[in-house]
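Read through the structure below, which is laid out as structure tokens, and then see the notes.
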Amino acid sequence: MEIRVLDHGLVRVVDRMGDDAAIVQAARVSYGTGTKTMREDQGLINYLMRHSHTTPFEMCEIKLHCKLPIFVARQWIRHRTASVNEYSARYSFLDNVFYIPNKVSTQSELNKQGRGIDLEDTTEIIELIENHSEESYRKYLQLIGTEEDPYVARELARIVIPTNIYTQWYWKIDLHNLFHFLKLRMDPHAQYEIREYANAISQIVREWVPMAWHAFEEYQLYAVTFSRSELAILNRRLKGESVEFENSGLGKREWSEFNTKLGV
Ligand SMILES: Cc1cc2nc3c(=O)[nH]c(=O)nc-3n(C[C@H](O)[C@H](O)[C@H](O)COP(=O)(O)OP(=O)(O)OC[C@H]3O[C@@H](n4cnc5c(N)ncnc54)[C@H](O)[C@@H]3O)c2cc1C
């Protein structure tokens, strides 16, 4: 299975091991024949996910071939629980393939790590990014020289290239850690570009382990957790008390996040 991402990127399944049955089988080693209600596979997987019994999910592993811009790779590589082999720009030549966004937004005023409104006329900005990418690649080739007359080492020549150039890697991870990656990187707070990759991987996982995916959506992806103070507010409201920001005891930001969790 191969999914195209952004303008030149991709996510392709190279190999995988295990499935929903492997999760259930591993759990049954812990639980033996189990209780009557635990025997149903979806029920058992839901139980494991709800109670953070995570190791059965580690019985499933997936190896992906990804083509991604370097600035996305820098965020992605922070997930330390995967095994990675990246294309070497010390050993090989970088291809002239750059990510050029098709949408450009302003800096968000509310979130220092986010985008604001989409700009309408982006021609000039996109041209600037394209020209800069092309110009940097010309300089890269100039530094490398020719086969007959090589000049600067590839490991040094590459430093003139911006981070929107594409790299490639093999990325192998188990399902438990993949769910952690997806929870963080499918979130609206994650940058659009890495979110696109996470969304592509989610399609693969959905088909691969449908029961585990269902449990993940139910108990993690679309679930929220409440702090002790938030629970106290909910309890007060259930008892009929009117709790607003002023008498909530929460900070401004916490109050806003609390309301977001409640969908208000
Ligand atoms: C929206 C968003 C914004 C971010 N902004 C920034 C930023 O501004 N600056 C920045 O530097 N990073 C930033 N990050 C990266 C973030 O801080 C984490 O490094 C990244 O999300 C990986 O998370 P993780 O460590 O839980 O994942 P993994 O590395 O995959 O680890 C999974 C889990 O394994 C355990 N684990 C792994 N290694 C260790 C260890 N050495 N010690 C103890 N436990 C370990 C932890 O429980 C961890 O949660 C951002 C991430 C997101 C999603």
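By order of appearance in the structure tokens: chains A, B, ..., then residues from 1 within every chain, and ligands from 1 in the order shown.
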
field: Distance query Val14 (chain A) at most 8 Å, only C-alpha atoms, self and fewer than 3 positions along chain excluded, as a list of chain:residue names
entry: A:Ile62, A:Lys63, A:Leu64, A:His65

Kindly save the residues from that selection, with N, CA, C and O atoms included, as a compact mmCIF listing (two decimals), in the first residue's frame.
```txt
# COMPACT_ATOMS: atom_id res chain seq x y z
N ILE A 62 5.33 -2.40 12.11
CA ILE A 62 5.19 -2.00 10.71
C ILE A 62 6.44 -1.26 10.26
O ILE A 62 7.03 -0.50 11.04
N LYS A 63 6.85 -1.54 9.02
CA LYS A 63 8.01 -0.84 8.44
C LYS A 63 7.51 -0.02 7.26
O LYS A 63 6.89 -0.56 6.34
N LEU A 64 7.75 1.28 7.31
CA LEU A 64 7.27 2.18 6.25
C LEU A 64 8.44 2.83 5.52
O LEU A 64 9.47 3.14 6.13
N HIS A 65 8.25 3.01 4.22
CA HIS A 65 9.17 3.82 3.43
C HIS A 65 8.52 5.19 3.29
O HIS A 65 7.38 5.28 2.82
```

Closest atom pairs, chain A residues within 9 Å of ligand 1, only C-alpha atoms and all ligand atoms, as a Markdown table:
```
| residue | atom | partner | partner_atom_place_in_ligand_line | distance |
| --- | --- | --- | --- | --- |
| A:Gln75 | CA | ligand 1 | 15 (C) | 6.7 |
| A:Trp76 | CA | ligand 1 | 20 (C) | 7.8 |
| A:Ile77 | CA | ligand 1 | 29 (O) | 8.1 |
| A:Arg78 | CA | ligand 1 | 19 (O) | 4.8 |
| A:His79 | CA | ligand 1 | 30 (O) | 3.4 |
| A:Arg80 | CA | ligand 1 | 29 (O) | 3.5 |
| A:Thr81 | CA | ligand 1 | 30 (O) | 4.5 |
| A:Ala82 | CA | ligand 1 | 30 (O) | 7.0 |
| A:Gln113 | CA | ligand 1 | 3 (C) | 7.5 |
| A:Asn177 | CA | ligand 1 | 30 (O) | 6.2 |
| A:Leu178 | CA | ligand 1 | 30 (O) | 8.0 |
| A:His180 | CA | ligand 1 | 32 (C) | 6.7 |
| A:Phe181 | CA | ligand 1 | 30 (O) | 6.4 |
| A:Lys183 | CA | ligand 1 | 53 (C) | 8.4 |
| A:Leu184 | CA | ligand 1 | 53 (C) | 4.6 |
| A:Arg185 | CA | ligand 1 | 53 (C) | 5.6 |
| A:Met186 | CA | ligand 1 | 53 (C) | 8.6 |
| A:Asp187 | CA | ligand 1 | 1 (C) | 7.3 |
| A:Pro188 | CA | ligand 1 | 1 (C) | 7.9 |
| A:His189 | CA | ligand 1 | 1 (C) | 4.7 |
| A:Ala190 | CA | ligand 1 | 1 (C) | 4.1 |
| A:Gln191 | CA | ligand 1 | 1 (C) | 7.0 |
```

message: Report as a list in words all protein, DNA and RNA residues lying within 12 Å of Pro210 (chain A), evaluated on only C-alpha atoms, omitting residues in the same chain fewer than 5 positions from it.
response: Asp19, Asp20, Ala21, Ile23, Asp41, Gln42, Ile45, Asn46, Ser202, Gln203, Ile204, Val205, Ala215, Phe216 and Glu217 of chain A

Could you take the residues named above and write them with all heavy atoms, as a short mmCIF file (atom, residue, chain, number, x, y, z; two decimals), in the first residue's frame?
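Produced file out_21.cif, reproduced below:
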```cif
data_model
loop_
_atom_site.label_atom_id
_atom_site.label_comp_id
_atom_site.auth_asym_id
_atom_site.auth_seq_id
_atom_site.Cartn_x
_atom_site.Cartn_y
_atom_site.Cartn_z
N ASP A 19 -1.33 -8.69 13.68
CA ASP A 19 -2.62 -8.09 13.33
C ASP A 19 -3.48 -8.09 14.59
O ASP A 19 -2.97 -8.38 15.68
CB ASP A 19 -3.29 -8.85 12.18
CG ASP A 19 -3.38 -10.36 12.46
OD1 ASP A 19 -3.18 -10.75 13.63
OD2 ASP A 19 -3.62 -11.13 11.52
N ASP A 20 -4.77 -7.82 14.46
CA ASP A 20 -5.64 -7.81 15.65
C ASP A 20 -5.55 -9.14 16.40
O ASP A 20 -5.52 -9.17 17.64
CB ASP A 20 -7.10 -7.57 15.23
CG ASP A 20 -7.37 -6.10 14.90
OD1 ASP A 20 -6.74 -5.23 15.54
OD2 ASP A 20 -8.21 -5.83 14.02
N ALA A 21 -5.46 -10.24 15.63
CA ALA A 21 -5.42 -11.56 16.27
C ALA A 21 -4.16 -11.72 17.13
O ALA A 21 -4.19 -12.36 18.18
CB ALA A 21 -5.48 -12.65 15.20
N ILE A 23 -2.66 -9.38 18.78
CA ILE A 23 -2.86 -8.61 20.03
C ILE A 23 -3.67 -9.46 21.01
O ILE A 23 -3.33 -9.62 22.17
CB ILE A 23 -3.60 -7.28 19.72
CG1 ILE A 23 -2.79 -6.42 18.76
CG2 ILE A 23 -3.91 -6.52 21.02
CD1 ILE A 23 -3.56 -5.25 18.18
N ASP A 41 -13.10 -10.66 20.89
CA ASP A 41 -11.86 -9.97 20.52
C ASP A 41 -11.94 -8.45 20.64
O ASP A 41 -11.07 -7.82 21.23
CB ASP A 41 -11.46 -10.34 19.09
CG ASP A 41 -11.02 -11.79 18.99
OD1 ASP A 41 -10.96 -12.46 20.05
OD2 ASP A 41 -10.75 -12.26 17.88
N GLN A 42 -12.98 -7.85 20.06
CA GLN A 42 -13.07 -6.38 20.12
C GLN A 42 -13.19 -5.92 21.57
O GLN A 42 -12.56 -4.94 21.97
CB GLN A 42 -14.27 -5.87 19.30
CG GLN A 42 -14.39 -4.35 19.28
CD GLN A 42 -13.28 -3.66 18.47
OE1 GLN A 42 -13.21 -3.81 17.25
NE2 GLN A 42 -12.40 -2.92 19.13
N ILE A 45 -9.73 -6.14 23.17
CA ILE A 45 -8.83 -5.06 22.69
C ILE A 45 -9.24 -3.72 23.30
O ILE A 45 -8.40 -2.93 23.72
CB ILE A 45 -8.81 -5.03 21.14
CG1 ILE A 45 -8.05 -6.25 20.63
CG2 ILE A 45 -8.19 -3.75 20.61
CD1 ILE A 45 -7.98 -6.40 19.12
N ASN A 46 -10.54 -3.48 23.38
CA ASN A 46 -11.02 -2.24 24.02
C ASN A 46 -10.56 -2.18 25.47
O ASN A 46 -10.11 -1.14 25.96
CB ASN A 46 -12.55 -2.17 24.00
CG ASN A 46 -13.09 -1.90 22.61
OD1 ASN A 46 -12.32 -1.66 21.68
ND2 ASN A 46 -14.40 -1.97 22.46
N SER A 202 -2.55 6.82 9.27
CA SER A 202 -3.78 6.37 9.95
C SER A 202 -4.64 5.52 9.01
O SER A 202 -5.28 4.57 9.43
CB SER A 202 -4.57 7.56 10.49
OG SER A 202 -5.28 8.21 9.46
N GLN A 203 -4.64 5.86 7.71
CA GLN A 203 -5.41 5.05 6.75
C GLN A 203 -4.86 3.63 6.68
O GLN A 203 -5.60 2.65 6.57
CB GLN A 203 -5.31 5.66 5.35
CG GLN A 203 -6.05 6.96 5.18
CD GLN A 203 -5.86 7.49 3.76
OE1 GLN A 203 -5.94 6.74 2.80
NE2 GLN A 203 -5.59 8.77 3.63
N ILE A 204 -3.52 3.55 6.73
CA ILE A 204 -2.87 2.24 6.66
C ILE A 204 -3.22 1.42 7.91
O ILE A 204 -3.58 0.24 7.82
CB ILE A 204 -1.33 2.43 6.55
CG1 ILE A 204 -0.98 3.07 5.21
CG2 ILE A 204 -0.59 1.12 6.75
CD1 ILE A 204 0.44 3.56 5.08
N VAL A 205 -3.14 2.06 9.07
CA VAL A 205 -3.37 1.35 10.34
C VAL A 205 -4.83 0.90 10.44
O VAL A 205 -5.13 -0.21 10.88
CB VAL A 205 -2.99 2.25 11.54
CG1 VAL A 205 -3.25 1.52 12.85
CG2 VAL A 205 -1.53 2.65 11.46
N ALA A 215 -10.46 0.85 18.89
CA ALA A 215 -10.20 1.09 20.32
C ALA A 215 -9.38 2.37 20.50
O ALA A 215 -9.62 3.17 21.42
CB ALA A 215 -9.46 -0.10 20.93
N PHE A 216 -8.43 2.59 19.61
CA PHE A 216 -7.59 3.80 19.67
C PHE A 216 -8.45 5.06 19.47
O PHE A 216 -8.33 6.04 20.22
CB PHE A 216 -6.50 3.70 18.60
CG PHE A 216 -5.71 4.97 18.39
CD1 PHE A 216 -4.91 5.48 19.41
CD2 PHE A 216 -5.75 5.65 17.18
CE1 PHE A 216 -4.17 6.65 19.22
CE2 PHE A 216 -5.03 6.82 16.98
CZ PHE A 216 -4.24 7.32 18.01
N GLU A 217 -9.34 5.01 18.48
CA GLU A 217 -10.21 6.18 18.26
C GLU A 217 -11.10 6.45 19.47
O GLU A 217 -11.29 7.57 19.89
CB GLU A 217 -11.12 5.95 17.04
CG GLU A 217 -10.43 6.20 15.72
CD GLU A 217 -11.41 6.24 14.55
OE1 GLU A 217 -12.39 5.49 14.57
OE2 GLU A 217 -11.18 7.04 13.64
#
```

query: Mind checking DSSP for region 50-260 of chain A and telling me the helix (DSSP H, G or I) residues as an MDAnalysis selection string?
result: chainID A and resid 50 55:59 70:76 123:144 154:160 175:185 192:208 210:221 228:238 245:247 252:260

Output file for the residues above (C-alpha atoms, as a tab-separated table (two decimals), in the first residue's frame):
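Written file, part-v9.tsv:
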```tsv
chain	number	residue	atom	x	y	z
A	50	ARG	CA	-8.83	1.48	28.21
A	55	THR	CA	2.40	-4.62	25.57
A	56	PRO	CA	-0.01	-6.76	23.49
A	57	PHE	CA	-0.07	-3.86	20.96
A	58	GLU	CA	3.71	-4.10	20.73
A	59	MET	CA	3.30	-7.56	19.13
A	70	ILE	CA	13.64	17.59	6.01
A	71	PHE	CA	11.71	20.04	8.24
A	72	VAL	CA	9.02	17.38	8.69
A	73	ALA	CA	11.69	14.75	9.34
A	74	ARG	CA	13.13	16.93	12.13
A	75	GLN	CA	9.80	16.85	13.98
A	76	TRP	CA	9.18	13.19	13.19
A	123	THR	CA	1.86	33.88	-6.06
A	124	GLU	CA	4.75	36.07	-4.99
A	125	ILE	CA	5.47	34.06	-1.85
A	126	ILE	CA	5.39	30.74	-3.65
A	127	GLU	CA	7.64	32.12	-6.38
A	128	LEU	CA	10.08	33.29	-3.71
A	129	ILE	CA	10.20	29.80	-2.17
A	130	GLU	CA	10.57	28.17	-5.61
A	131	ASN	CA	13.34	30.53	-6.71
A	132	HIS	CA	15.20	30.13	-3.45
A	133	SER	CA	14.99	26.32	-3.71
A	134	GLU	CA	16.24	26.32	-7.31
A	135	GLU	CA	19.02	28.78	-6.54
A	136	SER	CA	20.22	26.73	-3.55
A	137	TYR	CA	20.25	23.57	-5.67
A	138	ARG	CA	22.34	25.33	-8.33
A	139	LYS	CA	24.84	26.30	-5.62
A	140	TYR	CA	24.83	22.72	-4.29
A	141	LEU	CA	25.73	21.41	-7.77
A	142	GLN	CA	28.36	24.13	-8.17
A	143	LEU	CA	30.01	23.07	-4.90
A	144	ILE	CA	29.92	19.38	-5.81
A	154	ARG	CA	28.87	16.06	-0.55
A	155	GLU	CA	28.58	16.16	3.25
A	156	LEU	CA	29.58	19.84	3.18
A	157	ALA	CA	28.01	20.90	-0.12
A	158	ARG	CA	24.56	19.99	1.22
A	159	ILE	CA	24.63	22.72	3.86
A	160	VAL	CA	23.48	25.33	1.32
A	175	LEU	CA	1.74	-0.41	17.15
A	176	HIS	CA	1.75	0.90	20.72
A	177	ASN	CA	4.35	3.57	19.91
A	178	LEU	CA	2.75	4.25	16.53
A	179	PHE	CA	-0.53	5.10	18.30
A	180	HIS	CA	1.42	7.52	20.52
A	181	PHE	CA	2.92	9.14	17.40
A	182	LEU	CA	-0.49	9.37	15.72
A	183	LYS	CA	-2.16	10.83	18.82
A	184	LEU	CA	0.42	13.64	18.89
A	185	ARG	CA	0.79	14.22	15.17
A	192	TYR	CA	-0.07	20.81	8.90
A	193	GLU	CA	2.67	19.05	6.92
A	194	ILE	CA	3.43	16.32	9.52
A	195	ARG	CA	-0.31	15.96	10.12
A	196	GLU	CA	-0.70	15.02	6.47
A	197	TYR	CA	1.77	12.15	6.98
A	198	ALA	CA	0.07	11.07	10.21
A	199	ASN	CA	-3.30	11.06	8.42
A	200	ALA	CA	-1.85	8.92	5.62
A	201	ILE	CA	-0.43	6.44	8.15
A	202	SER	CA	-3.78	6.37	9.95
A	203	GLN	CA	-5.41	5.05	6.75
A	204	ILE	CA	-2.87	2.24	6.66
A	205	VAL	CA	-3.37	1.35	10.34
A	206	ARG	CA	-7.17	1.45	10.03
A	207	GLU	CA	-7.01	-1.26	7.34
A	208	TRP	CA	-4.25	-3.25	9.01
A	210	PRO	CA	-9.32	-2.43	12.40
A	211	MET	CA	-10.20	-3.52	15.95
A	212	ALA	CA	-7.17	-1.88	17.53
A	213	TRP	CA	-7.86	1.23	15.45
A	214	HIS	CA	-11.43	1.34	16.72
A	215	ALA	CA	-10.20	1.09	20.32
A	216	PHE	CA	-7.59	3.80	19.67
A	217	GLU	CA	-10.21	6.18	18.26
A	218	GLU	CA	-12.58	5.46	21.11
A	219	TYR	CA	-10.24	5.64	24.09
A	220	GLN	CA	-7.34	7.80	22.92
A	221	LEU	CA	-7.66	9.79	19.72
A	228	ARG	CA	-8.52	17.15	39.24
A	229	SER	CA	-9.73	20.77	39.23
A	230	GLU	CA	-11.74	20.23	36.05
A	231	LEU	CA	-13.41	17.16	37.57
A	232	ALA	CA	-14.25	19.21	40.64
A	233	ILE	CA	-15.95	21.81	38.41
A	234	LEU	CA	-17.93	19.09	36.64
A	235	ASN	CA	-19.02	17.70	40.03
A	236	ARG	CA	-20.11	21.15	41.21
A	237	ARG	CA	-22.10	21.65	38.01
A	238	LEU	CA	-23.74	18.24	38.37
A	245	PHE	CA	-14.39	31.36	34.91
A	246	GLU	CA	-14.45	33.76	37.87
A	247	ASN	CA	-15.32	31.09	40.47
A	252	LYS	CA	-7.47	31.81	31.63
A	253	ARG	CA	-5.78	29.34	29.34
A	254	GLU	CA	-6.86	26.33	31.41
A	255	TRP	CA	-10.46	27.61	31.33
A	256	SER	CA	-10.33	27.93	27.57
A	257	GLU	CA	-8.83	24.42	27.21
A	258	PHE	CA	-11.48	23.02	29.58
A	259	ASN	CA	-14.23	24.49	27.41
A	260	THR	CA	-12.59	23.12	24.28
```

field: Shell of 6 Å around Val11 (chain A), only C-alpha atoms, local chain residues under 3 positions omitted, as a list of chain:residue names
entry: A:Glu2, A:Ile3, A:His65, A:Cys66

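Between CA of Met17 (chain A) and CA of Glu86 (chain A) there is a distance of 21.5 Å.
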
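Put simply, CA of Asn85 (chain A) is 19.3 Å away from CA of Asn164 (chain A).
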
query: When DSSP works through the backbone of this structure, what residues of region 147-260 of chain A end up as strand (DSSP E or B), shown as number ranges by chain?
result: A: 150, 165-174

Dump as a PDB file, in the first residue's frame, selection limited to C-alpha atoms:
```pdb
ATOM      1  CA  PRO A 150      34.857  16.997  -8.116  1.00  0.00           C
ATOM      2  CA  ILE A 165      14.202  19.474   0.238  1.00  0.00           C
ATOM      3  CA  TYR A 166      12.887  15.914   0.390  1.00  0.00           C
ATOM      4  CA  THR A 167      14.680  13.104   2.170  1.00  0.00           C
ATOM      5  CA  GLN A 168      13.690   9.436   2.482  1.00  0.00           C
ATOM      6  CA  TRP A 169      13.796   6.842   5.210  1.00  0.00           C
ATOM      7  CA  TYR A 170      12.684   3.453   6.374  1.00  0.00           C
ATOM      8  CA  TRP A 171      10.810   3.792   9.658  1.00  0.00           C
ATOM      9  CA  LYS A 172       9.930   0.754  11.763  1.00  0.00           C
ATOM     10  CA  ILE A 173       7.776   1.012  14.860  1.00  0.00           C
ATOM     11  CA  ASP A 174       5.457  -1.138  16.958  1.00  0.00           C
TER      12      ASP A 174
END
```

query: With only C-alpha atoms as the basis for distance, which of A:Val243, A:Ser30, A:Lys67, A:Tyr87 is at the shortest distance from Leu10 (chain A)?
result: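 Closest candidate: A:Lys67.
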
message: Can you measure CA of Leu94 (chain A) to CA of Tyr151 (chain A) for me? One decimal in Å is fine.
response: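 Computing it gives 15.9 Å between the two atoms.
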